[in-house]
Amino acid sequence: MADMGAFREAVIAWAAGAPGDRARELAARLPVRAAVLLEGPSDVAAVSALAARRGRNLAAEGVCVLSIGGAMSVGRFARLLGPSGLGLRLTGLCDEAERGYYDRGLEQVSAEESDTARQRIFVCAADLEDELIRALGVTRVEELVRAEGDLRPLQT
């Protein structure tokens, strides 16, 4: 959904210091109900690919999958998008090492929501790549890496 892409861009610009008018306008016009806060673009690509593979259209379901530019930005995005901002339901996916940033960032949004906020964070055992290797198996990952022509760097 192209409008969700425009919403995503408006939110990222807002978080970077631009006025939030465009994001507010799009949020009111679109059926946006939730935001998934992810560390970076590779996480967005992985979540989007998994959703597509499972026949889900997250944008059509009102879910904005958003790269926040690193775990340390989660508080800023949570303030803009959460209860005191646009009122969206928030969730996140992060690497185990970044869990503290997500906990603190979501706790800042609302003290009464801190317990439920913690429950809405999904944590990769080590990192997303570790989860993918575990899900696919080492042999399948090697096959995929070989098919992409990147086996030598992996072996190194």
# chains A, B, ... in the order shown; residues from 1 in each chain; ligands from 1

call {"tool": "residues_around", "arguments": {"residues": "stretch 65-79 of chain A", "least_positions_apart": "6", "cutoff": "10 Å", "atoms": "only C-alpha atoms", "output": "ChimeraX atom specification"}}
result
/A:4-5,7-9,11-12,14-16,34-45,47-48,58-59,85-95,97-110

call {"tool": "select_by_dssp", "arguments": {"residues": "stretch 19-130 of chain A", "states": "helix (DSSP H, G or I)", "output": "ChimeraX atom specification"}}
result
/A:21-29,41-53,71-81,96-109,111-119,128-130

call {"tool": "closest_residue", "arguments": {"among": "A:Leu128, A:Cys64, A:Arg53, A:Leu80", "to": "A:Asp21", "atoms": "only C-alpha atoms"}}
result
A:Leu80

call {"tool": "residues_around", "arguments": {"residues": "A:Ala46", "least_positions_apart": "6", "cutoff": "10 Å", "atoms": "only C-alpha atoms", "output": "PyMOL selection string"}}
result
chain A and resi 52+128-129+132

call {"tool": "write_last_selection", "arguments": {"atoms": "all heavy atoms", "output": "PDB file, in the first residue's frame"}}
result
ATOM      1  N   ALA A  52       4.659 -11.730   3.768  1.00  0.00           N
ATOM      2  CA  ALA A  52       4.230 -12.071   2.404  1.00  0.00           C
ATOM      3  C   ALA A  52       4.178 -13.577   2.214  1.00  0.00           C
ATOM      4  O   ALA A  52       3.233 -14.101   1.616  1.00  0.00           O
ATOM      5  CB  ALA A  52       5.171 -11.432   1.386  1.00  0.00           C
ATOM      6  N   LEU A 128      18.749 -11.405  14.659  1.00  0.00           N
ATOM      7  CA  LEU A 128      17.815 -11.898  13.647  1.00  0.00           C
ATOM      8  C   LEU A 128      18.463 -12.958  12.760  1.00  0.00           C
ATOM      9  O   LEU A 128      17.837 -13.960  12.416  1.00  0.00           O
ATOM     10  CB  LEU A 128      17.282 -10.743  12.798  1.00  0.00           C
ATOM     11  CG  LEU A 128      16.231 -11.097  11.755  1.00  0.00           C
ATOM     12  CD1 LEU A 128      15.010 -11.745  12.394  1.00  0.00           C
ATOM     13  CD2 LEU A 128      15.826  -9.864  10.971  1.00  0.00           C
ATOM     14  N   GLU A 129      19.724 -12.751  12.428  1.00  0.00           N
ATOM     15  CA  GLU A 129      20.423 -13.722  11.593  1.00  0.00           C
ATOM     16  C   GLU A 129      20.512 -15.084  12.284  1.00  0.00           C
ATOM     17  O   GLU A 129      20.342 -16.126  11.652  1.00  0.00           O
ATOM     18  CB  GLU A 129      21.823 -13.200  11.240  1.00  0.00           C
ATOM     19  CG  GLU A 129      21.820 -11.956  10.371  1.00  0.00           C
ATOM     20  CD  GLU A 129      21.503 -10.657  11.115  1.00  0.00           C
ATOM     21  OE1 GLU A 129      21.467 -10.644  12.373  1.00  0.00           O
ATOM     22  OE2 GLU A 129      21.268  -9.655  10.448  1.00  0.00           O
ATOM     23  N   LEU A 132      17.206 -16.795  11.911  1.00  0.00           N
ATOM     24  CA  LEU A 132      17.008 -17.324  10.560  1.00  0.00           C
ATOM     25  C   LEU A 132      17.798 -18.607  10.348  1.00  0.00           C
ATOM     26  O   LEU A 132      17.296 -19.569   9.758  1.00  0.00           O
ATOM     27  CB  LEU A 132      17.399 -16.277   9.520  1.00  0.00           C
ATOM     28  CG  LEU A 132      16.498 -15.046   9.461  1.00  0.00           C
ATOM     29  CD1 LEU A 132      17.087 -13.990   8.539  1.00  0.00           C
ATOM     30  CD2 LEU A 132      15.096 -15.413   9.039  1.00  0.00           C
TER      31      LEU A 132
END

call {"tool": "atom_distance", "arguments": {"atom1": "atom CA of A:Gly55", "atom2": "atom CA of A:Arg33"}}
result
19.4 Å

call {"tool": "atom_distance", "arguments": {"atom1": "atom CA of A:Ile133", "atom2": "atom CA of A:Arg152"}}
result
17.4 Å

call {"tool": "atom_distance", "arguments": {"atom1": "atom CA of A:Asp3", "atom2": "atom CA of A:Glu25"}}
result
11.3 Å

call {"tool": "select_by_dssp", "arguments": {"residues": "chain A", "states": "strand (DSSP E or B)", "output": "PyMOL selection string"}}
result
chain A and resi 34-38+63-67+89-95+121-124
